[in-house]
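Working notes, beginning with the structure itself.
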Amino acid sequence: MIDLLIVGAGPAGLRAAIAAAENGLHVSIIDEFVKPGGRLLGQLHEEPDGSWVNGVEEAERMYHRAIQLGVEISTGVSVYDLAETPAGWSIYTTDGVRESRCLLLATGASETPIPIPGWTLPGVMSIGAAQVMGNVHRVKPGHKGVVIGVNVLSVAIAREMQLCGVTVDRIVLPAHNLISADASNPEKMMESLLRLSHLAPSSLMKIGGKFVSPKLAARFYPRNGFKIWGIPIQLRKTALEIIGEEQVRGVRIAAISATGSVIPGTEEIVDADFVCIAGGLTPMAELAAVAGCRFHYVPQLGGHVPLHNERMQTTLKGLYVAGNITGVESAKVAGAQGRVAGLSIADELGVLSAAGKEKIKEAVDQTVHTRKHALIQFNQGIEEARHALYTEFQQLTDKKISV
Amino acid sequence: MTNKETVICRCEDITMREIQETVERFQCSSREVKLRTRAGMGSCGGRTCRGMVDKLVEQLGGPPISNEIALSYRPPVRPVSFGVLGGEEK
Ligand SMILES: Cc1cc2nc3c(=O)[nH]c(=O)nc-3n(C[C@H](O)[C@H](O)[C@H](O)COP(=O)(O)OP(=O)(O)OC[C@H]3O[C@@H](n4cnc5c(N)ncnc54)[C@H](O)[C@@H]3O)c2cc1C
């Protein structure tokens, strides 16, 4: 039996492993992807100061540190089930059953699809799939693509595809239907676009800075959009249908009003050999659900998240969560949470000194600080939503103690 | 092609129209939609369509999405072979 098994070798899992192993715990990590690093492997960003964040290099650094500390890392292995035991947890993997005293789920987030007509044609993929093809496998997703869905991820990844030498013809909104809802509404999307201004200050301020409200900005938004890094972002165009027989041939688009209704007679077909759908992210909490964790539905965090506290404990003994499984945030926040989890687990297993316990508090403060200064904010209201969640957890544990 | 013919559950080939008709006819929850149409019961275990089914049901006036996970997760959460389930090691 080991001390700590971690599912997921993204920034949260790796940082947790390092923190726990530094305190003498015997740690293993399991990840189903072929390489450790999680979503970091696809990331390449330019910081406001002009320096570049290279996810691959960051993942490598953490991986080597973990290995140096004696952490065992198995890749290409999936966890498909788990069960609480008197001594800890049994974890069922495609490479046998593992036993561990504590378990950390750091499984990240998955993408939310937006179904529009033709979305099941070959050549249509999620924006994250295009990111993995280009940045991880070094394969172009196609020659000329259309991105459907305007959000922080689609704009950032469109830029990465451009750096890979792929033409991103334009970014448009998805057709309106019961599922796309707000994502098909220019006014609503203008609000979220204005929050990206730090990513491409000069071009976004040009459009956003002129207007006092997102409503006005959506109304006066240029029909053909404006360009960020040369890629037209067309908030007043909608993708009605992806067309093709055997595979994607193009997208039928139309102009829309500021509130999203299609303007008759404006339909046209844009040629493309691939299409990316960007519907946003949602925490991937399937294993926490199977384990029997209590859940909360928190739209600001991306959907259903296992109830947890600032120390990353769930409602189940010995079961911890960290990273995007607790809410969709940037890689740096995920890493900071991982460190908190690693230290909390070391504390539960009784290996932390008094000075070590101080470190937990520091790590929690560091997470809050990182969140405040994150370059990428996936949603609004994250801090408030987290505060409410932690209060709820506290009330629940207080209740348990009093009965 | 129209929105209504758009496939929602890719494993079981269930369209938006079939789900909409089911909710309208039976005034039902996502769980009942799943049991009546098989949406979310295919080989991926609902990994792709779970959220879409919940949202459709909510938008059509069914029970709103709550803290409870309506379409429960069941192991195995990944497709695995009988050999693996039976304890065969790599
Ligand atoms: C498509 C996409 C693009 C993103 N782009 C950015 C970006 O550009 N910038 C940014 O800051 N953030 C981005 N994010 C957010 C991103 O999730 C975080 O930045 C960060 O990587 C989260 O770290 P994590 O450790 O929580 O999860 P991840 O990095 O996602 O790692 C989770 C790991 O768990 C593994 N795993 C999951 N389930 C199992 C299982 N059952 N068995 C075995 N292994 C499992 C996965 O293979 C994965 O490697 C993106 C997220 C996605 C989904």
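Residues are named by chain letter and number: chains run A, B, ... in the order of the structure tokens, numbers start at 1 in each chain, and ligands are numbered from 1 in the order shown.
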Give the residue list for ligand 1 at 7 Å, counting only C-alpha atoms and all ligand atoms, as a ChimeraX atom specification, sorted by chain and then by residue number. /A:7-13,30-33,36-40,42-44,77-80,106-111,127-129,131,153,156-157,281,287,322-325,328-332,334-335,376 /B:77-78
Could you list, as a list in words, every residue of chain A that has an atom within 7 Å of an atom of chain B, counting only C-alpha atoms? Tyr80, Asp81, Thr94, Asp95, Gly96, Pro115, Ile116, Pro117, Leu178, Ile179, Glu286, Ala289, Val290, Phe295, His296 and Tyr297 of chain A
Nearby residues (only C-alpha atoms) at most 7 Å from Glu12 of chain B, same-chain spacing under 5 positions excluded, as an NGL selection string: :B and (38-39 or 42)
Prev. selection, all heavy atoms, output as a compact mmCIF listing (two decimals), in the first residue's frame:
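Now in part.txt:
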```
# COMPACT_ATOMS: atom_id res chain seq x y z
N ARG B 38 -32.63 6.17 -24.77
CA ARG B 38 -31.28 5.61 -24.71
C ARG B 38 -30.19 6.68 -24.89
O ARG B 38 -29.01 6.35 -24.98
CB ARG B 38 -31.06 4.48 -25.73
CG ARG B 38 -31.76 3.18 -25.37
CD ARG B 38 -31.20 2.00 -26.15
NE ARG B 38 -29.78 1.80 -25.91
CZ ARG B 38 -29.27 1.19 -24.86
NH1 ARG B 38 -30.06 0.69 -23.93
NH2 ARG B 38 -27.96 1.06 -24.71
N ALA B 39 -30.56 7.96 -24.91
CA ALA B 39 -29.52 9.00 -24.97
C ALA B 39 -28.66 8.88 -23.72
O ALA B 39 -29.18 8.83 -22.62
CB ALA B 39 -30.15 10.38 -25.04
N GLY B 42 -24.94 4.84 -24.35
CA GLY B 42 -24.07 4.16 -25.31
C GLY B 42 -22.70 3.87 -24.73
O GLY B 42 -22.48 3.95 -23.52
```
Write out as a PyMOL selection string each polymer residue whose atoms come within 12 Å of His369 of chain A, counting only C-alpha atoms; drop sequence neighbours fewer than 2 positions from it. chain A and resi 332-333+336-337+362-367+371-374+383
Please, could you write that set of residues out with all heavy atoms as a compact mmCIF listing (two decimals), in the first residue's frame?
```txt
# COMPACT_ATOMS: atom_id res chain seq x y z
N LYS A 332 -2.04 27.92 -13.73
CA LYS A 332 -1.30 28.33 -12.54
C LYS A 332 -2.12 28.13 -11.28
O LYS A 332 -1.59 27.74 -10.24
CB LYS A 332 -0.90 29.80 -12.66
CG LYS A 332 0.25 29.98 -13.63
CD LYS A 332 0.74 31.40 -13.64
CE LYS A 332 1.90 31.50 -14.61
NZ LYS A 332 2.06 32.85 -15.11
N VAL A 333 -3.41 28.39 -11.38
CA VAL A 333 -4.29 28.17 -10.21
C VAL A 333 -4.35 26.67 -9.92
O VAL A 333 -4.25 26.25 -8.76
CB VAL A 333 -5.70 28.74 -10.47
CG1 VAL A 333 -6.63 28.43 -9.30
CG2 VAL A 333 -5.65 30.24 -10.72
N ALA A 336 -1.28 25.68 -8.06
CA ALA A 336 -1.28 26.17 -6.68
C ALA A 336 -2.20 25.30 -5.81
O ALA A 336 -1.87 24.97 -4.67
CB ALA A 336 -1.74 27.63 -6.66
N GLN A 337 -3.34 24.91 -6.35
CA GLN A 337 -4.26 24.04 -5.61
C GLN A 337 -3.62 22.68 -5.36
O GLN A 337 -3.83 22.06 -4.32
CB GLN A 337 -5.56 23.82 -6.40
CG GLN A 337 -6.45 25.03 -6.49
CD GLN A 337 -7.67 24.72 -7.32
OE1 GLN A 337 -7.57 24.08 -8.38
NE2 GLN A 337 -8.83 25.15 -6.87
N GLU A 362 0.16 29.12 3.95
CA GLU A 362 0.83 29.90 2.90
C GLU A 362 0.37 29.45 1.51
O GLU A 362 0.14 30.27 0.63
CB GLU A 362 2.35 29.66 2.97
CG GLU A 362 3.10 30.54 3.94
CD GLU A 362 4.53 30.05 4.12
OE1 GLU A 362 5.15 29.57 3.13
OE2 GLU A 362 5.00 30.10 5.26
N ALA A 363 0.25 28.13 1.35
CA ALA A 363 -0.14 27.60 0.03
C ALA A 363 -1.57 28.00 -0.31
O ALA A 363 -1.89 28.30 -1.47
CB ALA A 363 0.01 26.08 0.01
N VAL A 364 -2.45 28.03 0.70
CA VAL A 364 -3.83 28.46 0.46
C VAL A 364 -3.83 29.94 0.04
O VAL A 364 -4.49 30.32 -0.94
CB VAL A 364 -4.71 28.24 1.73
CG1 VAL A 364 -6.07 28.94 1.58
CG2 VAL A 364 -4.90 26.75 2.00
N ASP A 365 -3.05 30.76 0.75
CA ASP A 365 -2.97 32.18 0.40
C ASP A 365 -2.41 32.36 -1.01
O ASP A 365 -2.85 33.21 -1.77
CB ASP A 365 -2.07 32.94 1.39
CG ASP A 365 -2.72 33.03 2.77
OD1 ASP A 365 -3.95 32.80 2.87
OD2 ASP A 365 -2.00 33.32 3.75
N GLN A 366 -1.44 31.53 -1.34
CA GLN A 366 -0.82 31.60 -2.66
C GLN A 366 -1.85 31.29 -3.76
O GLN A 366 -1.85 31.91 -4.81
CB GLN A 366 0.35 30.59 -2.71
CG GLN A 366 1.17 30.67 -3.98
CD GLN A 366 1.80 32.04 -4.18
OE1 GLN A 366 2.30 32.64 -3.23
NE2 GLN A 366 1.75 32.55 -5.39
N THR A 367 -2.75 30.35 -3.47
CA THR A 367 -3.78 30.01 -4.45
C THR A 367 -4.69 31.22 -4.67
O THR A 367 -5.02 31.55 -5.82
CB THR A 367 -4.63 28.81 -3.95
OG1 THR A 367 -3.75 27.75 -3.60
CG2 THR A 367 -5.60 28.32 -5.01
N ARG A 371 -5.07 33.25 -8.20
CA ARG A 371 -6.39 33.41 -8.81
C ARG A 371 -6.64 34.88 -9.15
O ARG A 371 -7.11 35.20 -10.23
CB ARG A 371 -7.45 32.89 -7.83
CG ARG A 371 -8.88 33.06 -8.29
CD ARG A 371 -9.81 32.30 -7.37
NE ARG A 371 -9.56 30.87 -7.45
CZ ARG A 371 -9.37 30.08 -6.39
NH1 ARG A 371 -9.41 30.58 -5.17
NH2 ARG A 371 -9.15 28.80 -6.56
N LYS A 372 -6.32 35.75 -8.22
CA LYS A 372 -6.55 37.20 -8.42
C LYS A 372 -5.76 37.72 -9.62
O LYS A 372 -6.21 38.60 -10.32
CB LYS A 372 -6.07 37.96 -7.18
CG LYS A 372 -7.15 38.15 -6.15
CD LYS A 372 -6.96 39.47 -5.39
CE LYS A 372 -8.14 39.70 -4.46
NZ LYS A 372 -8.00 38.92 -3.22
N HIS A 373 -4.56 37.16 -9.83
CA HIS A 373 -3.70 37.71 -10.87
C HIS A 373 -3.63 36.84 -12.12
O HIS A 373 -2.74 37.04 -12.94
CB HIS A 373 -2.30 37.95 -10.29
CG HIS A 373 -2.32 38.92 -9.15
ND1 HIS A 373 -2.31 40.28 -9.34
CD2 HIS A 373 -2.44 38.73 -7.82
CE1 HIS A 373 -2.40 40.89 -8.17
NE2 HIS A 373 -2.47 39.97 -7.23
N ALA A 374 -4.57 35.90 -12.25
CA ALA A 374 -4.51 34.99 -13.40
C ALA A 374 -4.72 35.75 -14.70
O ALA A 374 -5.60 36.61 -14.80
CB ALA A 374 -5.57 33.90 -13.25
N GLU A 383 -14.29 33.95 -7.51
CA GLU A 383 -13.95 34.12 -6.09
C GLU A 383 -15.17 34.00 -5.19
O GLU A 383 -15.15 33.29 -4.19
CB GLU A 383 -13.30 35.49 -5.87
CG GLU A 383 -11.83 35.51 -6.15
CD GLU A 383 -11.23 36.86 -5.81
OE1 GLU A 383 -10.84 37.07 -4.65
OE2 GLU A 383 -11.17 37.70 -6.73
```
Using the chain letters and numbers from this document, which residues of segment 48-196 of chain A does DSSP assign to strand (DSSP E), as a ChimeraX atom specification? /A:52-54,72-75,79-85,88-93,96-105,109-111,124-126,144-148,167-174
Using only C-alpha atoms, please write the residues we just selected to a file, as a CSV table (one decimal), in the first residue's frame.
```csv
chain,number,residue,atom,x,y,z
A,52,TRP,CA,6.2,33.4,-23.4
A,53,VAL,CA,4.6,30.7,-21.2
A,54,ASN,CA,5.6,27.3,-22.7
A,72,GLU,CA,6.2,6.8,-9.7
A,73,ILE,CA,4.4,8.0,-12.8
A,74,SER,CA,2.5,5.6,-15.1
A,75,THR,CA,1.1,7.0,-18.3
A,79,VAL,CA,-8.7,4.7,-13.9
A,80,TYR,CA,-12.2,3.3,-14.4
A,81,ASP,CA,-13.5,2.7,-10.9
A,82,LEU,CA,-12.6,3.2,-7.2
A,83,ALA,CA,-13.9,2.1,-3.8
A,84,GLU,CA,-13.3,3.1,-0.2
A,85,THR,CA,-11.6,0.5,2.0
A,88,GLY,CA,-7.9,3.9,2.3
A,89,TRP,CA,-8.9,3.5,-1.3
A,90,SER,CA,-8.8,0.8,-4.0
A,91,ILE,CA,-8.3,2.2,-7.4
A,92,TYR,CA,-9.2,0.1,-10.5
A,93,THR,CA,-7.0,0.8,-13.5
A,96,GLY,CA,-4.5,-3.7,-12.3
A,97,VAL,CA,-5.8,-2.6,-8.9
A,98,ARG,CA,-3.8,-0.2,-6.7
A,99,GLU,CA,-4.2,0.4,-3.0
A,100,SER,CA,-3.5,3.7,-1.4
A,101,ARG,CA,-4.1,5.4,2.0
A,102,CYS,CA,-5.1,8.7,0.4
A,103,LEU,CA,-6.4,9.5,-3.1
A,104,LEU,CA,-6.2,12.7,-5.0
A,105,LEU,CA,-8.4,13.3,-8.1
A,109,ALA,CA,-11.8,19.6,-17.2
A,110,SER,CA,-13.5,18.4,-20.4
A,111,GLU,CA,-15.0,20.4,-23.3
A,124,VAL,CA,-15.3,18.9,-37.1
A,125,MET,CA,-13.5,18.8,-33.8
A,126,SER,CA,-13.4,20.5,-30.4
A,144,LYS,CA,-8.1,26.4,-43.5
A,145,GLY,CA,-10.6,26.3,-40.6
A,146,VAL,CA,-13.5,28.2,-39.1
A,147,VAL,CA,-13.8,28.4,-35.3
A,148,ILE,CA,-17.4,28.4,-33.9
A,167,THR,CA,-5.2,29.5,-41.6
A,168,VAL,CA,-8.0,30.4,-39.2
A,169,ASP,CA,-10.4,32.0,-41.6
A,170,ARG,CA,-12.6,33.5,-38.9
A,171,ILE,CA,-14.3,33.0,-35.5
A,172,VAL,CA,-18.1,33.2,-35.5
A,173,LEU,CA,-20.9,32.5,-33.1
A,174,PRO,CA,-22.8,29.2,-33.1
```
Atom CA of Ala218 of chain A to atom CA of Ile263 of chain A measures 15.0 Å
Taking the DSSP secondary structure from the backbone, can you list the residues of segment 27-245 of chain A that are alpha helix (DSSP H), as a PyMOL selection string? chain A and resi 55-68+127-131+152-163+186-194+201-208+214-219
Near-Lys357 of chain A list (10 Å; only C-alpha atoms; drop same-chain fewer than 6 positions) as a list in words: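 Residues meeting the cut-off are Leu343, Ser344, Ala346, Asp347 and Val351 of chain A.
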Requested write-out: N, CA and C atoms of the selected residues, as a PDB file, in the first residue's frame:
```
ATOM      1  N   LEU A 343       0.166  19.119   0.510  1.00  0.00           N
ATOM      2  CA  LEU A 343       0.504  19.430   1.903  1.00  0.00           C
ATOM      3  C   LEU A 343      -0.605  18.972   2.854  1.00  0.00           C
ATOM      4  N   SER A 344      -1.866  19.166   2.475  1.00  0.00           N
ATOM      5  CA  SER A 344      -2.979  18.739   3.338  1.00  0.00           C
ATOM      6  C   SER A 344      -2.931  17.236   3.566  1.00  0.00           C
ATOM      7  N   ALA A 346      -0.239  15.338   3.386  1.00  0.00           N
ATOM      8  CA  ALA A 346       0.900  15.075   4.273  1.00  0.00           C
ATOM      9  C   ALA A 346       0.468  15.311   5.723  1.00  0.00           C
ATOM     10  N   ASP A 347      -0.355  16.319   5.926  1.00  0.00           N
ATOM     11  CA  ASP A 347      -0.840  16.630   7.268  1.00  0.00           C
ATOM     12  C   ASP A 347      -1.772  15.513   7.772  1.00  0.00           C
ATOM     13  N   VAL A 351       2.722  13.569   8.786  1.00  0.00           N
ATOM     14  CA  VAL A 351       4.165  13.748   8.584  1.00  0.00           C
ATOM     15  C   VAL A 351       4.594  15.214   8.577  1.00  0.00           C
TER      16      VAL A 351
END
```
Got a sec: who's within 6 Å of Glu241 of chain A, counting only C-alpha atoms, leaving out chain neighbours fewer than 3 positions off, as a list in words? Pro117, Gly118, Val251 and Arg252 of chain A
Distance criterion (only C-alpha atoms): nearest to Gly244 of chain A out of A:Trp119, A:Arg15, A:Ile382, A:Val152: A:Trp119
Set the distance at 7 Å and use only C-alpha atoms: which residues neighbour Val248 of chain A once local chain neighbours fewer than 2 positions away are removed? I'd like the list as a ChimeraX atom specification. /A:121-124,242-244,250,272-274
Now that the selection is made, can you save its residues with all heavy atoms as a PDB file, in the first residue's frame?
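Written out: part_36.pdb:
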```
ATOM      1  N   LEU A 121     -19.850  15.614 -38.657  1.00  0.00           N
ATOM      2  CA  LEU A 121     -19.063  15.304 -39.863  1.00  0.00           C
ATOM      3  C   LEU A 121     -17.578  15.152 -39.521  1.00  0.00           C
ATOM      4  O   LEU A 121     -17.057  15.887 -38.678  1.00  0.00           O
ATOM      5  CB  LEU A 121     -19.164  16.463 -40.852  1.00  0.00           C
ATOM      6  CG  LEU A 121     -20.341  16.533 -41.801  1.00  0.00           C
ATOM      7  CD1 LEU A 121     -20.304  17.874 -42.540  1.00  0.00           C
ATOM      8  CD2 LEU A 121     -20.293  15.384 -42.799  1.00  0.00           C
ATOM      9  N   PRO A 122     -16.883  14.231 -40.203  1.00  0.00           N
ATOM     10  CA  PRO A 122     -15.424  14.177 -40.025  1.00  0.00           C
ATOM     11  C   PRO A 122     -14.805  15.519 -40.423  1.00  0.00           C
ATOM     12  O   PRO A 122     -15.207  16.112 -41.406  1.00  0.00           O
ATOM     13  CB  PRO A 122     -14.994  13.065 -40.996  1.00  0.00           C
ATOM     14  CG  PRO A 122     -16.214  12.214 -41.161  1.00  0.00           C
ATOM     15  CD  PRO A 122     -17.388  13.150 -41.065  1.00  0.00           C
ATOM     16  N   GLY A 123     -13.863  15.972 -39.607  1.00  0.00           N
ATOM     17  CA  GLY A 123     -13.250  17.282 -39.865  1.00  0.00           C
ATOM     18  C   GLY A 123     -13.756  18.324 -38.881  1.00  0.00           C
ATOM     19  O   GLY A 123     -13.189  19.407 -38.786  1.00  0.00           O
ATOM     20  N   VAL A 124     -14.827  17.979 -38.142  1.00  0.00           N
ATOM     21  CA  VAL A 124     -15.283  18.875 -37.074  1.00  0.00           C
ATOM     22  C   VAL A 124     -14.679  18.347 -35.790  1.00  0.00           C
ATOM     23  O   VAL A 124     -14.719  17.142 -35.527  1.00  0.00           O
ATOM     24  CB  VAL A 124     -16.822  18.875 -36.931  1.00  0.00           C
ATOM     25  CG1 VAL A 124     -17.249  19.885 -35.861  1.00  0.00           C
ATOM     26  CG2 VAL A 124     -17.489  19.178 -38.257  1.00  0.00           C
ATOM     27  N   ILE A 242     -22.784  23.226 -40.664  1.00  0.00           N
ATOM     28  CA  ILE A 242     -21.494  22.798 -41.213  1.00  0.00           C
ATOM     29  C   ILE A 242     -21.848  21.888 -42.383  1.00  0.00           C
ATOM     30  O   ILE A 242     -22.651  20.970 -42.229  1.00  0.00           O
ATOM     31  CB  ILE A 242     -20.668  22.050 -40.159  1.00  0.00           C
ATOM     32  CG1 ILE A 242     -20.431  22.965 -38.949  1.00  0.00           C
ATOM     33  CG2 ILE A 242     -19.337  21.573 -40.754  1.00  0.00           C
ATOM     34  CD1 ILE A 242     -19.938  22.238 -37.716  1.00  0.00           C
ATOM     35  N   ILE A 243     -21.273  22.161 -43.557  1.00  0.00           N
ATOM     36  CA  ILE A 243     -21.680  21.378 -44.721  1.00  0.00           C
ATOM     37  C   ILE A 243     -20.565  20.478 -45.235  1.00  0.00           C
ATOM     38  O   ILE A 243     -19.379  20.724 -44.986  1.00  0.00           O
ATOM     39  CB  ILE A 243     -22.207  22.279 -45.863  1.00  0.00           C
ATOM     40  CG1 ILE A 243     -21.159  23.333 -46.210  1.00  0.00           C
ATOM     41  CG2 ILE A 243     -23.517  22.949 -45.471  1.00  0.00           C
ATOM     42  CD1 ILE A 243     -21.511  24.110 -47.448  1.00  0.00           C
ATOM     43  N   GLY A 244     -20.975  19.444 -45.970  1.00  0.00           N
ATOM     44  CA  GLY A 244     -20.044  18.478 -46.531  1.00  0.00           C
ATOM     45  C   GLY A 244     -20.762  17.142 -46.637  1.00  0.00           C
ATOM     46  O   GLY A 244     -21.799  16.939 -45.991  1.00  0.00           O
ATOM     47  N   GLY A 250     -17.330  23.187 -45.751  1.00  0.00           N
ATOM     48  CA  GLY A 250     -17.478  24.600 -45.448  1.00  0.00           C
ATOM     49  C   GLY A 250     -18.522  24.839 -44.382  1.00  0.00           C
ATOM     50  O   GLY A 250     -19.038  23.889 -43.781  1.00  0.00           O
ATOM     51  N   ALA A 272     -13.998  25.655 -46.002  1.00  0.00           N
ATOM     52  CA  ALA A 272     -13.081  25.281 -44.921  1.00  0.00           C
ATOM     53  C   ALA A 272     -12.872  23.779 -44.986  1.00  0.00           C
ATOM     54  O   ALA A 272     -13.759  23.048 -45.423  1.00  0.00           O
ATOM     55  CB  ALA A 272     -13.666  25.652 -43.566  1.00  0.00           C
ATOM     56  N   ASP A 273     -11.704  23.295 -44.582  1.00  0.00           N
ATOM     57  CA  ASP A 273     -11.521  21.838 -44.539  1.00  0.00           C
ATOM     58  C   ASP A 273     -11.512  21.303 -43.105  1.00  0.00           C
ATOM     59  O   ASP A 273     -11.379  20.109 -42.886  1.00  0.00           O
ATOM     60  CB  ASP A 273     -10.301  21.372 -45.353  1.00  0.00           C
ATOM     61  CG  ASP A 273      -8.986  21.883 -44.790  1.00  0.00           C
ATOM     62  OD1 ASP A 273      -9.015  22.712 -43.867  1.00  0.00           O
ATOM     63  OD2 ASP A 273      -7.935  21.446 -45.287  1.00  0.00           O
ATOM     64  N   PHE A 274     -11.648  22.207 -42.145  1.00  0.00           N
ATOM     65  CA  PHE A 274     -11.911  21.746 -40.773  1.00  0.00           C
ATOM     66  C   PHE A 274     -12.649  22.829 -40.001  1.00  0.00           C
ATOM     67  O   PHE A 274     -12.619  24.005 -40.385  1.00  0.00           O
ATOM     68  CB  PHE A 274     -10.625  21.310 -40.057  1.00  0.00           C
ATOM     69  CG  PHE A 274      -9.746  22.437 -39.576  1.00  0.00           C
ATOM     70  CD1 PHE A 274      -9.757  22.825 -38.247  1.00  0.00           C
ATOM     71  CD2 PHE A 274      -8.909  23.113 -40.452  1.00  0.00           C
ATOM     72  CE1 PHE A 274      -8.942  23.859 -37.786  1.00  0.00           C
ATOM     73  CE2 PHE A 274      -8.099  24.152 -40.012  1.00  0.00           C
ATOM     74  CZ  PHE A 274      -8.114  24.530 -38.675  1.00  0.00           C
TER      75      PHE A 274
END
```
A:Arg219, A:Leu301, A:Arg311, A:Thr397 ranked by distance to Glu384 of chain A, top pick (using only C-alpha atoms): A:Leu301
